[in-house]
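Visitor: Contents of start_33.cif (mmCIF, C-alpha atoms and all ligand atoms) are below:
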```cif
data_structure
loop_
_atom_site.label_atom_id
_atom_site.label_comp_id
_atom_site.auth_asym_id
_atom_site.auth_seq_id
_atom_site.Cartn_x
_atom_site.Cartn_y
_atom_site.Cartn_z
CA MET A 18 -50.23 -55.28 -79.05
CA THR A 19 -49.27 -51.59 -79.36
CA GLN A 20 -46.66 -50.21 -77.01
CA GLY A 21 -45.88 -46.63 -76.04
CA LEU A 22 -42.99 -44.84 -74.39
CA ILE A 23 -44.12 -42.86 -71.34
CA PHE A 24 -41.96 -40.54 -69.24
CA ASN A 25 -44.40 -39.81 -66.45
CA ILE A 26 -47.84 -40.57 -65.09
CA GLN A 27 -48.99 -37.68 -62.93
CA ARG A 28 -51.99 -38.22 -60.70
CA PHE A 29 -54.26 -35.52 -59.22
CA SER A 30 -53.71 -33.02 -62.06
CA LEU A 31 -56.14 -30.13 -61.79
CA HIS A 32 -55.30 -28.06 -64.89
CA ASP A 33 -55.53 -30.52 -67.76
CA GLY A 34 -59.29 -30.72 -68.22
CA PRO A 35 -62.36 -31.13 -66.00
CA GLY A 36 -62.22 -32.73 -62.55
CA VAL A 37 -59.25 -34.50 -61.07
CA ARG A 38 -57.18 -36.07 -63.83
CA THR A 39 -54.32 -38.43 -64.38
CA THR A 40 -51.99 -36.97 -66.98
CA VAL A 41 -49.92 -39.36 -69.08
CA PHE A 42 -46.78 -37.85 -70.62
CA LEU A 43 -45.72 -39.49 -73.89
CA LYS A 44 -42.15 -39.21 -75.12
CA GLY A 45 -41.22 -37.28 -78.24
CA CYS A 46 -41.95 -33.80 -79.57
CA PRO A 47 -41.51 -32.37 -83.09
CA LEU A 48 -40.93 -28.88 -81.68
CA SER A 49 -37.82 -27.62 -79.90
CA CYS A 50 -39.07 -24.60 -77.93
CA SER A 51 -36.38 -23.20 -75.65
CA TRP A 52 -38.97 -22.54 -72.89
CA CYS A 53 -40.12 -26.18 -72.80
CA GLN A 54 -40.89 -27.14 -69.20
CA ASN A 55 -40.63 -30.89 -69.84
CA PRO A 56 -37.30 -31.17 -71.72
CA GLU A 57 -36.93 -34.82 -70.69
CA GLY A 58 -39.92 -35.50 -72.96
CA ILE A 59 -38.53 -34.04 -76.19
CA SER A 60 -36.43 -36.95 -77.48
CA MET A 61 -38.02 -40.21 -78.58
CA ASP A 62 -35.43 -42.18 -76.62
CA PRO A 63 -35.30 -42.95 -72.91
CA LEU A 64 -32.78 -40.74 -71.11
CA ILE A 65 -31.12 -40.41 -67.74
CA VAL A 66 -32.38 -37.79 -65.29
CA ARG A 67 -30.20 -36.96 -62.27
CA HIS A 68 -31.58 -35.68 -58.95
CA MET A 69 -28.34 -34.80 -57.24
CA ASN A 70 -29.97 -33.50 -54.07
CA LYS A 71 -30.89 -37.14 -53.38
CA CYS A 72 -27.42 -38.58 -53.96
CA LEU A 73 -25.90 -40.52 -51.03
CA ALA A 74 -22.41 -40.63 -52.57
CA CYS A 75 -22.42 -44.43 -52.27
CA LEU A 76 -20.54 -44.82 -55.62
CA SER A 77 -22.72 -47.75 -56.72
CA CYS A 78 -23.37 -46.06 -60.09
CA PHE A 79 -19.65 -45.39 -60.59
CA ASN A 80 -18.82 -49.04 -59.89
CA GLN A 81 -21.65 -50.29 -62.11
CA CYS A 82 -20.92 -48.22 -65.22
CA PRO A 83 -19.38 -50.42 -67.97
CA ALA A 84 -18.27 -47.42 -70.03
CA GLY A 85 -16.44 -45.37 -67.40
CA SER A 86 -18.88 -42.54 -68.14
CA ILE A 87 -19.49 -41.48 -64.55
CA LYS A 88 -17.22 -38.98 -62.86
CA ILE A 89 -17.62 -38.27 -59.18
CA THR A 90 -17.64 -34.56 -58.33
CA ASP A 91 -18.41 -32.60 -55.18
CA LYS A 92 -21.90 -32.08 -56.64
CA GLY A 93 -22.40 -35.82 -57.14
CA PRO A 94 -21.90 -38.06 -60.18
CA VAL A 95 -21.69 -36.40 -63.59
CA ILE A 96 -22.41 -38.48 -66.70
CA ASP A 97 -20.45 -38.05 -69.91
CA GLN A 98 -23.21 -38.23 -72.54
CA GLN A 99 -20.76 -38.98 -75.38
CA SER A 100 -19.43 -42.23 -73.96
CA CYS A 101 -22.62 -43.32 -72.12
CA ARG A 102 -24.00 -46.54 -73.63
CA LYS A 103 -27.55 -45.96 -72.34
CA CYS A 104 -27.57 -49.29 -70.55
CA PHE A 105 -29.29 -47.64 -67.54
CA GLY A 106 -27.44 -49.88 -65.10
CA CYS A 107 -26.63 -46.82 -62.99
CA ALA A 108 -30.34 -46.13 -62.48
CA ASP A 109 -30.97 -49.78 -61.59
CA VAL A 110 -28.38 -49.78 -58.80
CA CYS A 111 -28.97 -46.31 -57.36
CA PRO A 112 -30.50 -46.87 -53.91
CA ALA A 113 -31.68 -43.26 -53.55
CA GLY A 114 -33.57 -42.55 -56.76
CA ALA A 115 -30.90 -39.98 -57.61
CA ILE A 116 -30.54 -41.42 -61.12
CA LYS A 117 -33.73 -42.28 -62.95
CA VAL A 118 -34.71 -43.12 -66.50
CA ALA A 119 -37.27 -40.90 -68.25
CA GLY A 120 -38.99 -43.27 -70.64
CA LYS A 121 -40.64 -46.60 -69.92
CA MET A 122 -42.48 -48.85 -72.37
CA PHE A 123 -46.10 -49.72 -71.60
CA THR A 124 -48.52 -51.90 -73.53
CA THR A 125 -52.04 -50.48 -73.92
CA GLU A 126 -53.23 -53.21 -71.61
CA ALA A 127 -50.70 -52.40 -68.86
CA LEU A 128 -51.25 -48.64 -69.07
CA THR A 129 -55.04 -49.02 -69.05
CA LYS A 130 -54.76 -51.20 -65.96
CA GLU A 131 -52.57 -48.58 -64.27
CA LEU A 132 -54.94 -45.73 -65.13
CA LEU A 133 -58.04 -47.58 -63.99
CA LYS A 134 -56.64 -47.53 -60.45
CA ASP A 135 -57.92 -43.92 -60.41
CA ARG A 136 -61.43 -44.73 -61.61
CA LEU A 137 -63.03 -43.77 -58.28
CA VAL A 138 -61.28 -40.38 -58.30
CA PHE A 139 -62.49 -39.77 -61.86
CA GLU A 140 -66.06 -40.74 -61.01
CA GLU A 141 -66.24 -38.60 -57.89
CA SER A 142 -64.62 -35.51 -59.45
CA GLY A 143 -65.87 -35.70 -63.04
CA GLY A 144 -62.26 -36.16 -64.13
CA GLY A 145 -60.46 -38.56 -66.41
CA VAL A 146 -57.22 -39.10 -68.30
CA THR A 147 -55.28 -36.46 -70.27
CA PHE A 148 -52.55 -37.39 -72.72
CA SER A 149 -49.73 -34.87 -72.86
CA GLY A 150 -46.01 -34.90 -73.54
CA GLY A 151 -43.80 -34.21 -75.34
CA GLU A 152 -46.43 -34.34 -78.05
CA PRO A 153 -48.81 -37.29 -77.74
CA PHE A 154 -49.35 -37.44 -81.51
CA MET A 155 -45.70 -38.46 -81.90
CA GLN A 156 -46.97 -41.94 -80.97
CA PRO A 157 -50.26 -41.86 -82.91
CA GLU A 158 -51.09 -45.57 -82.94
CA PHE A 159 -50.48 -46.02 -79.24
CA LEU A 160 -52.44 -42.84 -78.44
CA LEU A 161 -55.40 -44.04 -80.51
CA GLU A 162 -55.37 -47.49 -78.92
CA MET A 163 -55.25 -45.94 -75.44
CA LEU A 164 -58.17 -43.63 -76.20
CA LYS A 165 -60.25 -46.55 -77.46
CA SER A 166 -59.34 -48.65 -74.46
CA LEU A 167 -60.30 -45.91 -71.99
CA LYS A 168 -63.55 -45.07 -73.80
CA ASN A 169 -64.46 -48.77 -73.56
CA GLN A 170 -64.13 -48.34 -69.82
CA GLY A 171 -66.26 -45.17 -69.79
CA ILE A 172 -63.35 -42.87 -68.86
CA HIS A 173 -63.32 -39.19 -69.94
CA THR A 174 -60.37 -38.57 -72.28
CA ALA A 175 -58.44 -35.44 -73.25
CA ILE A 176 -55.44 -34.73 -75.47
CA GLU A 177 -53.07 -31.82 -75.00
CA THR A 178 -51.39 -31.09 -78.35
CA CYS A 179 -49.26 -28.57 -80.18
CA GLY A 180 -51.10 -29.62 -83.36
CA HIS A 181 -47.99 -30.51 -85.35
CA THR A 182 -48.94 -33.88 -86.78
CA LYS A 183 -50.67 -35.32 -89.86
CA TRP A 184 -54.35 -34.35 -89.93
CA GLU A 185 -55.23 -38.04 -90.29
CA ASN A 186 -53.74 -38.71 -86.86
CA ILE A 187 -55.97 -36.11 -85.22
CA LYS A 188 -59.05 -37.08 -87.24
CA LYS A 189 -58.88 -40.71 -86.11
CA THR A 190 -58.94 -39.66 -82.43
CA ILE A 191 -62.11 -37.56 -82.69
CA PRO A 192 -64.65 -40.34 -81.88
CA PHE A 193 -62.68 -41.30 -78.76
CA THR A 194 -61.65 -37.88 -77.38
CA ASP A 195 -63.89 -35.84 -75.10
CA LEU A 196 -61.70 -32.73 -75.03
CA TYR A 197 -58.77 -31.23 -76.93
CA LEU A 198 -56.35 -28.77 -75.28
CA TYR A 199 -54.75 -27.07 -78.28
CA ASP A 200 -51.65 -24.89 -77.83
CA LEU A 201 -51.31 -21.89 -80.12
CA LYS A 202 -48.04 -20.00 -79.85
CA PHE A 203 -47.44 -18.22 -83.15
CA ILE A 204 -49.31 -17.18 -86.26
CA ASP A 205 -46.28 -15.56 -87.86
CA GLU A 206 -44.48 -18.22 -89.92
CA GLU A 207 -41.00 -16.77 -89.54
CA LYS A 208 -41.32 -16.46 -85.75
CA CYS A 209 -42.76 -19.96 -85.44
CA ALA A 210 -39.86 -21.48 -87.35
CA ARG A 211 -37.29 -19.44 -85.42
CA TYR A 212 -38.59 -20.26 -81.94
CA THR A 213 -40.04 -23.76 -82.31
CA GLY A 214 -37.87 -25.16 -85.10
CA VAL A 215 -40.87 -26.06 -87.30
CA SER A 216 -43.20 -24.40 -89.78
CA GLY A 217 -46.51 -23.34 -88.25
CA GLN A 218 -48.58 -24.18 -91.32
CA LEU A 219 -49.51 -27.69 -90.22
CA ILE A 220 -50.43 -26.45 -86.74
CA LEU A 221 -52.70 -23.73 -88.10
CA SER A 222 -54.34 -25.85 -90.79
CA ASN A 223 -55.04 -28.67 -88.31
CA PHE A 224 -56.50 -26.09 -85.94
CA LYS A 225 -58.92 -24.87 -88.62
CA LYS A 226 -59.90 -28.41 -89.61
CA LEU A 227 -60.46 -29.47 -86.01
CA THR A 228 -62.44 -26.42 -84.89
CA ALA A 229 -64.62 -26.68 -88.01
CA LEU A 230 -65.81 -30.05 -86.68
CA ASN A 231 -66.85 -28.37 -83.43
CA PRO A 232 -65.31 -30.72 -80.86
CA ALA A 233 -64.95 -29.75 -77.18
CA ILE A 234 -61.74 -27.74 -77.28
CA ILE A 235 -59.79 -25.37 -75.04
CA ILE A 236 -57.34 -23.09 -76.81
CA ARG A 237 -54.21 -22.38 -74.81
CA ILE A 238 -51.81 -19.54 -75.55
CA PRO A 239 -48.42 -20.04 -73.85
CA LEU A 240 -47.06 -16.52 -73.30
CA ILE A 241 -43.30 -16.09 -73.56
CA PRO A 242 -42.02 -12.64 -72.52
CA GLY A 243 -40.42 -10.78 -75.41
CA ILE A 244 -41.14 -13.60 -77.86
CA ASN A 245 -44.89 -13.82 -78.53
CA ASP A 246 -46.48 -11.33 -76.13
CA ASP A 247 -46.03 -8.15 -78.19
CA HIS A 248 -49.02 -6.22 -79.46
CA ALA A 249 -48.64 -7.35 -83.10
CA SER A 250 -48.29 -11.05 -82.20
CA LEU A 251 -51.33 -10.92 -79.92
CA LEU A 252 -53.45 -9.25 -82.58
CA LYS A 253 -52.43 -11.90 -85.13
CA ILE A 254 -53.47 -14.64 -82.72
CA ALA A 255 -56.80 -12.89 -82.09
CA GLU A 256 -57.48 -12.49 -85.83
CA PHE A 257 -56.63 -16.11 -86.50
CA LEU A 258 -58.91 -17.34 -83.70
CA LYS A 259 -61.78 -15.21 -84.95
CA SER A 260 -61.27 -16.55 -88.48
CA ALA A 261 -61.89 -20.00 -86.96
CA ALA A 262 -64.99 -18.72 -85.11
CA VAL A 263 -63.23 -19.00 -81.73
CA ASP A 264 -63.71 -16.19 -79.24
CA GLN A 265 -62.05 -17.44 -76.07
CA ALA A 266 -58.72 -18.87 -74.93
CA GLU A 267 -56.71 -19.70 -71.84
CA LEU A 268 -53.45 -17.88 -71.22
CA ILE A 269 -50.50 -19.92 -69.97
CA PRO A 270 -48.10 -17.38 -68.46
CA TYR A 271 -44.39 -18.19 -68.66
CA HIS A 272 -42.67 -19.66 -65.63
CA ASN A 273 -39.28 -21.25 -65.17
CA TYR A 274 -40.23 -24.18 -62.91
CA GLY A 275 -38.65 -26.53 -65.44
CA GLU A 276 -35.26 -24.79 -65.41
CA ARG A 277 -33.64 -27.22 -62.95
CA LYS A 278 -34.62 -30.11 -65.23
CA TYR A 279 -32.20 -28.93 -67.90
CA ASP A 280 -29.36 -29.36 -65.44
CA ASN A 281 -30.77 -32.75 -64.41
CA ILE A 282 -30.54 -34.03 -68.01
CA GLY A 283 -27.22 -32.32 -68.74
CA CYS A 284 -28.55 -29.53 -71.00
CA GLU A 285 -28.33 -25.76 -70.91
CA TYR A 286 -31.50 -23.72 -70.23
CA LYS A 287 -31.30 -21.02 -72.90
CA LEU A 288 -33.80 -18.64 -71.28
CA LYS A 289 -31.95 -18.38 -67.97
CA GLY A 290 -32.86 -15.13 -66.23
CA LEU A 291 -35.97 -14.44 -68.31
CA GLU A 292 -38.42 -12.65 -66.02
CA LYS A 293 -41.98 -13.89 -65.86
CA HIS A 294 -44.87 -11.51 -66.55
CA SER A 295 -46.06 -9.16 -63.83
CA ASP A 296 -49.77 -9.02 -62.97
CA LEU A 297 -49.91 -5.73 -64.85
CA ASP A 298 -48.32 -7.32 -67.96
CA LEU A 299 -50.95 -10.03 -67.90
CA GLU A 300 -53.76 -7.52 -67.48
CA ASN A 301 -52.43 -5.62 -70.50
CA ILE A 302 -52.27 -8.82 -72.57
CA LYS A 303 -55.82 -9.70 -71.59
CA TYR A 304 -56.91 -6.17 -72.46
CA VAL A 305 -55.31 -6.32 -75.93
CA LEU A 306 -56.88 -9.69 -76.69
CA GLY A 307 -60.21 -8.62 -75.20
CA ARG A 308 -60.32 -5.49 -77.37
CA ALA A 309 -59.63 -7.75 -80.35
CA GLY A 310 -62.63 -9.93 -79.45
CA ILE A 311 -61.00 -12.79 -77.51
CA LYS A 312 -62.08 -13.47 -73.95
CA THR A 313 -59.28 -14.95 -71.84
CA GLU A 314 -58.66 -16.53 -68.50
CA ASN A 315 -55.54 -17.92 -66.88
CA GLY A 316 -54.96 -21.61 -67.45
CA GLY A 317 -52.58 -24.16 -66.03
CA GLY A 318 -50.70 -26.42 -68.40
CA SER A 319 -49.08 -29.79 -68.18
CA ASN A 320 -45.75 -29.84 -66.44
CA VAL A 321 -44.13 -32.80 -64.88
CA LEU A 322 -43.41 -31.74 -61.32
S1 LIG B 1 -26.44 -45.59 -68.59
FE1 LIG B 1 -24.89 -47.22 -68.46
S2 LIG B 1 -23.16 -46.43 -69.63
FE2 LIG B 1 -24.48 -44.69 -69.19
S3 LIG B 1 -23.69 -43.79 -67.30
FE3 LIG B 1 -25.31 -45.23 -66.69
S4 LIG B 1 -24.24 -47.17 -66.32
FE4 LIG B 1 -22.82 -45.85 -67.48
S1 LIG B 2 -25.79 -44.76 -57.00
FE1 LIG B 2 -27.20 -43.03 -56.63
S2 LIG B 2 -26.82 -42.46 -54.50
FE2 LIG B 2 -25.07 -43.75 -55.13
S3 LIG B 2 -23.53 -42.27 -55.88
FE3 LIG B 2 -24.71 -42.91 -57.67
S4 LIG B 2 -26.33 -41.33 -57.83
FE4 LIG B 2 -25.48 -41.17 -55.76
#
```
Rewrite the coordinates I just gave you, this time as structure tokens.

Guide:
Amino acid sequence: MTQGLIFNIQRFSLHDGPGVRTTVFLKGCPLSCSWCQNPEGISMDPLIVRHMNKCLACLSCFNQCPAGSIKITDKGPVIDQQSCRKCFGCADVCPAGAIKVAGKMFTTEALTKELLKDRLVFEESGGGVTFSGGEPFMQPEFLLEMLKSLKNQGIHTAIETCGHTKWENIKKTIPFTDLYLYDLKFIDEEKCARYTGVSGQLILSNFKKLTALNPAIIIRIPLIPGINDDHASLLKIAEFLKSAAVDQAELIPYHNYGERKYDNIGCEYKLKGLEKHSDLDLENIKYVLGRAGIKTENGGGSNVL
């Protein structure tokens, strides 16, 4: 039986497809965008997330740790990542949920059972299940098995993807996927490599192949101030979309709601202090894209809250 590593199951999501949805966040992402709002989902391994505002200073984690990796500070326990053995004993003994593990294995059977608890909500709202991440195609076999399992149960399915995977992986999901939410950040190859850490060629070629098959698809453009929201970048995106016979997209304006998570997992947030767009900025962006033939509206986007 296939198994998958999940770092969150978020119920009552309203921005990841039609109706009320349950969004499943799969671990692992091939990109390394510095604005990522779910940094605990990037690595393929389970990792510790600290919520220090919940800490009771009971020292159970300190006493449990076999590696001496936990230091008690006035802000709560701090974990030395170098010496940590990833045994997760600290999370097991924490009585307050101040130390948790992002990443839990599920079989397709167990996850399907969990998701079917929301069947009534899906039926009443026209919703369903959305797979997000990380990047769900980092676990292609598990994703495919989950889609098949849910379709067998008559559940509406959606995949949110950055498109950076083998085309074969995407192609296999088409018969079992009711909606794709496809993120498009860069057309410019140099910028894509600089800001995401990967070439954009696979993303763009998969986009063309997928849209040519005419599936239900929502194009999402995450807007990062000073990085991909300049006039030239927007025009390139518009031209690319038109070349794929697409004339509308959702804009995902930048926000920093995920900033605290970097601290929680012991990483630095590199975009600290970056201002989000003003309403006027967004109107200007919409105007530029509109003049170039792309209708836009504001979208939501999958963030683990
Ligand atoms: S995961 Fe294990 S080794 Fe690492 S800090 Fe927690 S108890 Fe210590
Ligand atoms: S076990 Fe939990 S509540 Fe107790 S000190 Fe460690 S983090 Fe804080």

Visitor: For a quick check of understanding, using only C-alpha atoms, which of A:Asp109, A:Ala74, A:Lys103, A:Cys284 has the smallest distance to Thr90 of chain A?

Guide: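 That would be A:Ala74, the residue with the smallest distance to Thr90 of chain A.
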
Visitor: Quick one: everything within 12 Å of Ile65 of chain A, counting only C-alpha atoms, minus sequence neighbours fewer than 2 positions away in the same chain. Send it as number ranges by chain.

Guide: A: 24, 56-58, 60, 62-63, 67-68, 95-98, 101-109, 114-121, 278-284

Visitor: Nearest to ligand LIG 2 (chain B): which of A:Gly316, A:Pro112, A:Pro47, A:Pro35 is it, counting only C-alpha atoms and all ligand atoms?

Guide: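 Closest to ligand LIG 2 (chain B) of all the choices is A:Pro112.
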
Visitor: Can you work out the spacing between atom CA of Asp200 of chain A and atom CA of Ile236 of chain A in Å, to one decimal?

Guide: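 Rounded to one decimal, the two atoms are 6.1 Å apart.
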
Visitor: So, counting all atoms listed in the file, which residue among A:Ser77, A:Leu31, A:Leu22, A:Leu258 is closest to ligand LIG 1 (chain B)?

Guide: A:Ser77

Visitor: Fewer than 3 positions away in the same chain doesn't count, so skip those; otherwise give me all residues within 9 Å of segment 139-156 of chain A, counting all atoms listed in the file, as an MDAnalysis selection string.

Guide: chainID A and resid 21:25 31 33:48 55:61 132 135:136 159:161 167 172:183 186:187 196 319:320

Visitor: Dig up all the protein and nucleic acid residues within 12 Å of (-48.2, -7.6, -83.1) in the file frame, using all atoms listed in the file, and format them as a list in words.

Guide: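 Residues with an atom close enough to that point: Phe203, Ile204, Asp205, Lys208, Gly243, Ile244, Asn245, Asp246, Asp247, His248, Ala249, Ser250, Leu251, Leu252, Lys253, Ile254, Ala255, Glu256, Ile302, Val305, Leu306 and Ala309 of chain A.
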
Visitor: Store the residues of this selection in a file with C-alpha atoms, as a short mmCIF file (atom, residue, chain, number, x, y, z; two decimals), keeping the file's coordinate frame.

Guide:
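Result saved to result.cif:
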```
data_model
loop_
_atom_site.label_atom_id
_atom_site.label_comp_id
_atom_site.auth_asym_id
_atom_site.auth_seq_id
_atom_site.Cartn_x
_atom_site.Cartn_y
_atom_site.Cartn_z
CA PHE A 203 -47.44 -18.22 -83.15
CA ILE A 204 -49.31 -17.18 -86.26
CA ASP A 205 -46.28 -15.56 -87.86
CA LYS A 208 -41.32 -16.46 -85.75
CA GLY A 243 -40.42 -10.78 -75.41
CA ILE A 244 -41.14 -13.60 -77.86
CA ASN A 245 -44.89 -13.82 -78.53
CA ASP A 246 -46.48 -11.33 -76.13
CA ASP A 247 -46.03 -8.15 -78.19
CA HIS A 248 -49.02 -6.22 -79.46
CA ALA A 249 -48.64 -7.35 -83.10
CA SER A 250 -48.29 -11.05 -82.20
CA LEU A 251 -51.33 -10.92 -79.92
CA LEU A 252 -53.45 -9.25 -82.58
CA LYS A 253 -52.43 -11.90 -85.13
CA ILE A 254 -53.47 -14.64 -82.72
CA ALA A 255 -56.80 -12.89 -82.09
CA GLU A 256 -57.48 -12.49 -85.83
CA ILE A 302 -52.27 -8.82 -72.57
CA VAL A 305 -55.31 -6.32 -75.93
CA LEU A 306 -56.88 -9.69 -76.69
CA ALA A 309 -59.63 -7.75 -80.35
#
```

Visitor: Report, in Å with one decimal, the straight-line distance from atom CA of Glu267 of chain A to atom CA of Tyr304 of chain A.

Guide: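 Computed distance, atom CA of Glu267 of chain A to atom CA of Tyr304 of chain A, equals 13.5 Å.
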